[in-house]
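**Q** Could you have a look at this structure, given as structure tokens, before my questions?
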2 protein chains.
Amino acid sequence: MYRTKNCGELRIQHSGENVTLAGWVQKTRKMGGMTFIDIRDRYGITQLVFNHEINDDLCEKANRLGREYVIQVTGVVSERSSKNAHIETGDIEILVDNLIVLNEAITPPFTIEDNTDGGEDIRMKYRYLDLRRNNVRQNLILRHKMAFETRKYLDQQNFLEVETPILIGSTPEGARDFVVPSRMNTGQFYALPQSPQLFKQLLMVSGFDRYFQIAKCFRDEDLRADRQPEFTQIDCEMSFVEQEDVLNIFEGLTKHLFKKIKNIDIQGDFPRMTYADALQYYGSDKPDIRFEMKFVELKEAVSGKNFIVFDSAEYVGGICAKGCASYTRKQIDELIDFVKRPQIGAKGLVYIRYDADGSFKSSIDKFYTQNDLRSIASMFNAEPGDLILILAGEKSKTQKALSELRLEMGSRLGLRDKNIYKPLWVIDFPLFEWDEETKRYYAMHHPFTSPKPEDIALLDADPGKVRANAYDMVVNGVELGGGSIRIHDSKLQNKMFELLGFTPEKAETQFGFLMNAFKYGAPPHGGLAFGLDRFVSLFAGLDSIRDCIAFPKNNSGRDVMIDAPSQIDQSQLDELNLAITLK
Amino acid sequence: MYRTKNCGELRIQHSGENVTLAGWVQKTRKMGGMTFIDIRDRYGITQLVFNHEINDDLCEKANRLGREYVIQVTGVVSERSSKNAHIETGDIEILVDNLIVLNEAITPPFTIEDNTDGGEDIRMKYRYLDLRRNNVRQNLILRHKMAFETRKYLDQQNFLEVETPILIGSTPEGARDFVVPSRMNTGQFYALPQSPQLFKQLLMVSGFDRYFQIAKCFRDEDLRADRQPEFTQIDCEMSFVEQEDVLNIFEGLTKHLFKKIKNIDIQGDFPRMTYADALQYYGSDKPDIRFEMKFVELKEAVSGKNFIVFDSAEYVGGICAKGCASYTRKQIDELIDFVKRPQIGAKGLVYIRYDADGSFKSSIDKFYTQNDLRSIASMFNAEPGDLILILAGEKSKTQKALSELRLEMGSRLGLRDKNIYKPLWVIDFPLFEWDEETKRYYAMHHPFTSPKPEDIALLDADPGKVRANAYDMVVNGVELGGGSIRIHDSKLQNKMFELLGFTPEKAETQFGFLMNAFKYGAPPHGGLAFGLDRFVSLFAGLDSIRDCIAFPKNNSGRDVMIDAPSQIDQSQLDELNLAITLK
């Protein structure tokens, strides 16, 4: 070992000990005849002292050290005269009597500090230097701990971690599969899994009973801000369970992580909200319930007053922002600009100010009397000083826009504290989604998702009304994961295929393999997958999953550090019997 | 839950309890007016009883159950009159009063028993049924436990598990990389990592200090019996360490696994053997030291007696098989046939029998007197009753053949008990290998492997003699893993490139990225990787790593269960701008 102690562990009680440390030069300061150097490693920072009067040569050597030099020092731990309460080693320093330069360093392109001067691009290019920054490293330490605690909890619950293959087969609907040409099987390709779904269901057929895996998954799609071409899931499946069992286990896992990682006791059961309620009251299937500000539907209440915008709208809904009646014209204009942004897409915003004197001021005063406005306000339980914000239009688009406005108001009002966590189960998802374009139903989750037993009768009569045994876990408006109880009855499965417009032949081609496995005795089963990247981001208070991934890719799916993907040699293409056909 | 207990947990003290079980029908037996059914799940087997006299209908229903039906039963736990000591639930049975068929099953293509009637091919095609067999499942449970205990130990030792990317860049020497076309970056490819080597060294530059990962690795090469295109490594790297530190940590991990998984205390330090000694005494860099039977070099002793085979051979060496002088002509012929197999490649075998009466009988009696033979025998410390076996020829080929013969004799003599484990460090590997064909040196491990400091002076004078800080862990003749201390000094690294025949330009193209990262302050570092598949196979006593992989591929890299790889749609190829160019 090049050290006897690390740079984070020395305390006042070590005074007088002779120690050897190794690490990076964080900072050098000359003061009078002394040179102070902060030496840094993963565990912390320790102050080194070189005294010109005691050892001039050594002090000169120390003065020549540059930032990020790798050094090894030996010396005596000594109590500091002026202590530093900000760092754990702040009570001591090392009076150095030997210094070895293990490696020199050229000047890094940005400062290795929490608040670095480096922009995102340069930090990603030199990610190996970015990872030296304490806050970035802490995110990855958090990730390690969360993965490990997840494994501990699931092992305790009798889950077995089983590795499923990364080189699998492409499915006919796998348009977003990454494919991998096989050299040994000319003209044939593997695919990388978008999830271990098929294999985990097979493991249930195999009687594994409780499976999990912290698994890499892959999707070759245009990347939005919070997506990566490779991502990590906590993937689980259980046999002989009903929805309630799955929710219990993973509520337990989530509580375990909150307790072990953040020392937060989440009391009681997680609240549950139906998908229908989530849309009605929050306009989203992942509501942030750190604050109320529920939607109030106003269509009936506001119709028939000759205000054409409301009269012609499919949906009119609003929220009540407590204490915001004092908003200035400028602030209200900001909100109008906010809802009109293309990504929100509202045409405008109606407001009703409930002034402190009990009167109302609104942007629709021409159409609505003070009494009309009072009765609208009463639907929100509004009080003097509140501000009501209303959107109108096509139902689902307007709900979505109102949801964004609600989140914006929550942020403005400081109701979205990153240190407060409000988990929620969203349940009773619809089994099908209707697609206007192709005029048919699609499976909202996947075609193996089980309908609620009490809704099976509706399958023929009104498929759109059938609810699924499907569930999402949402924390602070972030969907951490979701899953479903699967169909294990082949008659019901065939019925599903029929409703989804599969001919028996097409169902066979696409799902025959799994259906065939099911013929040999499939147990009732269901599962869930959490996004590990998102889970870590949530705990770390990050805005992007990228910051909790050691070597992330950018929005073009590119690793700018190693410059991948890249062209490959013609010889490699030849060996794979492939040619590039640039258009 | 579909059950209140599992099929492995009921004992005599549960007698009288009303329980619900769910699982698969393992076996049905009718005896008089009773029907007995064994119900199976992951946890065990429980006997169910149906009594014709008590409930005729239920008994009839039970009689109609087929093998592998999935059922749910309720009944009372009752002490058996005739107990079964072979299974843990053998003291009890369930007097069933309710039976629900959760799913029917068609007859499986082979029996779901430890000793199945299914051959390898059919079992692989129906791997999801093969995995129902207790012994196969136990291998995967073992794998889960070993991975989990590895994580526990390394976490305890301050290692952080960091996920490195699966989609990386192809290297110019990456002829065996799997490549992945990128849809978003036309004409460009990712590669799948053969190991996380680059990234773990970068993490050391980043100051992560102690990294590990249980990582999937990929190699697109012709598969030998014990290789898979995707395999799993316990990959580790440490900073500020010397070889001794790495050996200590991973000796500790290995002992931890032996203790926790197999309850074996391995006493004392693992023996260490130099690469040179391993070749000289065992003809292999992964000697099985469960038994001695060391090579004795005979070239000098046997030369000059007009036996042309020995006189003309570069190398003559032998082993002494204790107590085998009684081998019959037939048995000796078997050994001759064994060494003449193409994969062993010897031309013949010389034997010397040291008979019980003190006389010698050999296949070279024409050339060697009794005294000659006695003095040869004394070199082996042979005793009456022993059999000496001698091979001759080109040195390295002959040593290899003699190594195989030694292992064969060890097996014949019962010296290779699978329940005895003899770990060993093989150290001091040569830094370079000379290649006769291209007349140049290659790095034996990789070009970043550090030479032993005391051998650096030999780099110019005699590169072939330079030993590396490289090490392998070998248990029972299986190489579990290996690693090295890396070069962190750029001058030494450049010297290495020069010796390996890289021009500065070529070194830059191929390794520039890592070299550049090193310029920013690389700590001294080194590491190791264990093959998890091999480690599990060793503990499970398996002959092939395939049996400890849930969904393995065959020797053509094919998953015969899902039939991958396979052709993909033209539309997928088009979107990737690829064409297949079949020759």
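Naming scheme: A, B, ... for chains in displayed order of the structure tokens; residues 1 onward per chain; ligands 1 onward as shown.
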Would you list, as number ranges by chain, the residues of range 94-174 of chain A that end up in alpha helix (DSSP H) under DSSP run on this structure's backbone?

**A** A: 120-125, 127-130, 134-156

**Q** Please provide as number ranges by chain all residues within 7 Å of range 443-459 of chain B, with the sequence filter that same-chain residues fewer than 4 positions apart are discarded (counting only C-alpha atoms).

**A** B: 430-433, 463, 466-469, 484-487, 496

**Q** Using CA of Ala325 in chain B and CA of Glu383 in chain B as the two end points, give the distance in Å to one decimal.

**A**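 If I compute the distance from CA of Ala325 in chain B to CA of Glu383 in chain B, I get 9.9 Å.
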
**Q** Set the distance at 8 Å and use only C-alpha atoms: which residues neighbour Asp355 in chain B once local chain neighbours fewer than 6 positions away are removed? I'd like the list as a PyMOL selection string.

**A** chain B and resi 325-326+361+384-386

**Q** Of the residues B:Ser571, B:Gln194, B:Gln213, B:Ser206, which is the one nearest to Val162 in chain B, using only C-alpha atoms?

**A**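 Between B:Ser571, B:Gln194, B:Gln213, B:Ser206, the residue approaching Val162 in chain B most closely is B:Gln213.
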
**Q** For range 298-304 of chain A, list every protein, DNA or RNA residue within 6 Å, evaluated using only C-alpha atoms, and leave out those in the same chain fewer than 4 positions away; present the list as an MDAnalysis selection string.

**A** chainID A and resid 311 315:317

**Q** Give me the residues near Gly90 in chain B as a list of chain:residue names, where near means some atom within 12 Å (using only C-alpha atoms) and where sequence neighbours in that chain fewer than 2 positions away do not count.

**A**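 With the cut-off at 12 Å, the set is B:Cys7, B:Gly8, B:Glu9, B:Leu10, B:Arg11, B:Ile12, B:Asp38, B:Gly44, B:Ile45, B:Thr46, B:Gln47, B:Leu48, B:Val77, B:Ser78, B:Glu79, B:Arg80, B:Ser81, B:Ser82, B:Lys83, B:Asn84, B:Ala85, B:His86, B:Ile87, B:Glu88, B:Ile92, B:Glu93, B:Ile94.
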
**Q** Pick the closest to Gln567 in chain A from B:Met238, B:Leu160, B:Tyr153, B:Thr171: which is it, counting only C-alpha atoms?

**A** B:Thr171

**Q** Quick one: of B:Met473, B:Ile234, B:Ala191, B:Ile376, who's nearest to chain A, counting only C-alpha atoms?

**A**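 Residue with the minimum atom-to-atom distance to chain A: B:Ala191.
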
**Q** For a quick check of understanding, using only C-alpha atoms, which of A:Ile112, A:Leu576, A:Val560, A:Met1 has the smallest distance to chain B?

**A**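 Going through A:Ile112, A:Leu576, A:Val560, A:Met1 one by one, the smallest distance to chain B is for A:Met1.
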
**Q** I'd like the neighbourhood of Ser403 in chain B as number ranges by chain, where a residue qualifies if any of its atoms comes within 12 Å (using only C-alpha atoms), though same-chain residues fewer than 4 positions away should be ignored.

**A** B: 278-289, 292-296, 317-319, 339, 344-346, 389-391, 396-399, 407-410, 477

**Q** Run DSSP on the backbone of this structure and report the residues of range 126-342 of chain A it assigns to strand (DSSP E or B), as a PyMOL selection string.

**A** chain A and resi 160-161+168+179-181+189-191+210-218+230-239+272-274+296-297+315-321

**Q** Pick from B:Asp372, B:Asp265, B:Glu68, B:Asp357: nearest to Ile37 in chain B, with only C-alpha atoms counted?

**A** B:Glu68

**Q** Could you check how far CA of Thr328 in chain B sits from CA of Asn476 in chain B, in Å to one decimal?

**A**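 We find that CA of Thr328 in chain B and CA of Asn476 in chain B lie 29.0 Å from each other.
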
**Q** Select, from A:Gly501, A:Gly75, A:Gly481, A:Gly268, the residue with the minimum atom-to-atom distance to Asp533 in chain A, counting only C-alpha atoms.

**A** A:Gly481

**Q** Using only C-alpha atoms, which protein or nucleic acid residues come within 12 Å of Asp130 in chain A? Drop anything in the same chain fewer than 4 positions from it, and give the result as number ranges by chain.

**A** A: 108-126, 134-138, 547, 549-551, 561; B: 202-203, 205-208, 517, 520

**Q** Produce a file of the selected residues containing N, CA and C atoms, as a tab-separated table (two decimals), in the first residue's frame.

**A**
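This is the output file selection-v3.tsv:
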chain	number	residue	atom	x	y	z
A	108	PRO	N	-5.88	20.64	-15.53
A	108	PRO	CA	-7.17	20.15	-16.04
A	108	PRO	C	-7.96	21.28	-16.72
A	109	PRO	N	-8.82	20.93	-17.67
A	109	PRO	CA	-9.54	21.95	-18.45
A	109	PRO	C	-10.63	22.66	-17.65
A	110	PHE	N	-10.91	22.20	-16.45
A	110	PHE	CA	-11.85	22.93	-15.58
A	110	PHE	C	-11.45	22.64	-14.14
A	111	THR	N	-11.96	23.42	-13.22
A	111	THR	CA	-11.56	23.22	-11.82
A	111	THR	C	-12.28	22.03	-11.23
A	112	ILE	N	-11.55	21.30	-10.39
A	112	ILE	CA	-12.11	20.11	-9.75
A	112	ILE	C	-12.73	20.58	-8.43
A	113	GLU	N	-13.86	21.23	-8.53
A	113	GLU	CA	-14.56	21.78	-7.37
A	113	GLU	C	-16.05	21.50	-7.54
A	114	ASP	N	-16.80	21.55	-6.43
A	114	ASP	CA	-18.25	21.36	-6.54
A	114	ASP	C	-18.84	22.35	-7.55
A	115	ASN	N	-18.46	23.63	-7.37
A	115	ASN	CA	-18.91	24.63	-8.34
A	115	ASN	C	-17.80	24.86	-9.34
A	116	THR	N	-17.78	23.99	-10.34
A	116	THR	CA	-16.69	24.04	-11.30
A	116	THR	C	-16.93	25.16	-12.31
A	117	ASP	N	-15.86	25.57	-12.99
A	117	ASP	CA	-16.02	26.56	-14.05
A	117	ASP	C	-16.25	25.87	-15.40
A	118	GLY	N	-16.36	24.54	-15.40
A	118	GLY	CA	-16.51	23.82	-16.67
A	118	GLY	C	-17.97	23.64	-17.06
A	119	GLY	N	-18.28	23.91	-18.32
A	119	GLY	CA	-19.63	23.69	-18.83
A	119	GLY	C	-19.88	22.20	-19.07
A	120	GLU	N	-21.14	21.86	-19.35
A	120	GLU	CA	-21.56	20.48	-19.53
A	120	GLU	C	-20.72	19.77	-20.61
A	121	ASP	N	-20.52	20.44	-21.74
A	121	ASP	CA	-19.84	19.78	-22.86
A	121	ASP	C	-18.43	19.35	-22.50
A	122	ILE	N	-17.68	20.29	-21.92
A	122	ILE	CA	-16.27	19.97	-21.61
A	122	ILE	C	-16.19	18.95	-20.49
A	123	ARG	N	-17.14	19.02	-19.56
A	123	ARG	CA	-17.13	18.06	-18.46
A	123	ARG	C	-17.43	16.65	-18.98
A	124	MET	N	-18.30	16.55	-19.96
A	124	MET	CA	-18.62	15.23	-20.51
A	124	MET	C	-17.45	14.68	-21.32
A	125	LYS	N	-16.76	15.56	-22.02
A	125	LYS	CA	-15.60	15.13	-22.79
A	125	LYS	C	-14.50	14.61	-21.87
A	126	TYR	N	-14.35	15.27	-20.74
A	126	TYR	CA	-13.35	14.84	-19.75
A	126	TYR	C	-14.08	14.28	-18.54
A	134	ASN	N	-16.39	16.12	-6.01
A	134	ASN	CA	-17.04	15.48	-4.88
A	134	ASN	C	-18.53	15.22	-5.12
A	135	ASN	N	-19.24	16.22	-5.63
A	135	ASN	CA	-20.70	16.04	-5.78
A	135	ASN	C	-21.04	14.99	-6.83
A	136	VAL	N	-20.23	14.91	-7.89
A	136	VAL	CA	-20.49	13.88	-8.91
A	136	VAL	C	-20.20	12.50	-8.33
A	137	ARG	N	-19.09	12.40	-7.59
A	137	ARG	CA	-18.75	11.11	-7.00
A	137	ARG	C	-19.81	10.69	-5.99
A	138	GLN	N	-20.34	11.64	-5.23
A	138	GLN	CA	-21.37	11.31	-4.25
A	138	GLN	C	-22.60	10.68	-4.92
A	547	ASP	N	-26.70	12.63	-14.56
A	547	ASP	CA	-25.74	12.95	-13.51
A	547	ASP	C	-25.50	11.80	-12.53
A	549	ILE	N	-25.12	8.65	-13.72
A	549	ILE	CA	-24.55	7.58	-14.55
A	549	ILE	C	-23.08	7.90	-14.74
A	550	ALA	N	-22.22	6.91	-14.52
A	550	ALA	CA	-20.78	7.19	-14.55
A	550	ALA	C	-20.34	7.73	-15.90
A	551	PHE	N	-20.75	7.02	-16.96
A	551	PHE	CA	-20.32	7.42	-18.29
A	551	PHE	C	-21.55	7.52	-19.20
A	561	MET	N	-16.85	11.30	-24.61
A	561	MET	CA	-15.54	11.05	-24.02
A	561	MET	C	-14.74	10.07	-24.88
B	202	LEU	N	-9.98	4.30	-16.07
B	202	LEU	CA	-10.43	5.70	-16.00
B	202	LEU	C	-10.99	6.03	-14.62
B	203	LEU	N	-11.70	5.07	-14.04
B	203	LEU	CA	-12.26	5.32	-12.70
B	203	LEU	C	-11.15	5.49	-11.67
B	205	VAL	N	-8.24	6.89	-12.46
B	205	VAL	CA	-7.81	8.27	-12.73
B	205	VAL	C	-8.79	9.25	-12.07
B	206	SER	N	-10.07	8.85	-11.99
B	206	SER	CA	-11.10	9.69	-11.37
B	206	SER	C	-11.04	9.66	-9.85
B	207	GLY	N	-10.17	8.83	-9.29
B	207	GLY	CA	-10.06	8.79	-7.83
B	207	GLY	C	-11.08	7.92	-7.15
B	208	PHE	N	-11.68	6.97	-7.87
B	208	PHE	CA	-12.68	6.10	-7.22
B	208	PHE	C	-12.05	5.12	-6.24
B	517	ALA	N	-5.76	10.59	-20.71
B	517	ALA	CA	-6.37	10.65	-19.38
B	517	ALA	C	-5.30	10.55	-18.30
B	520	TYR	N	-3.44	13.59	-16.66
B	520	TYR	CA	-4.06	14.45	-15.66
B	520	TYR	C	-3.89	13.92	-14.23
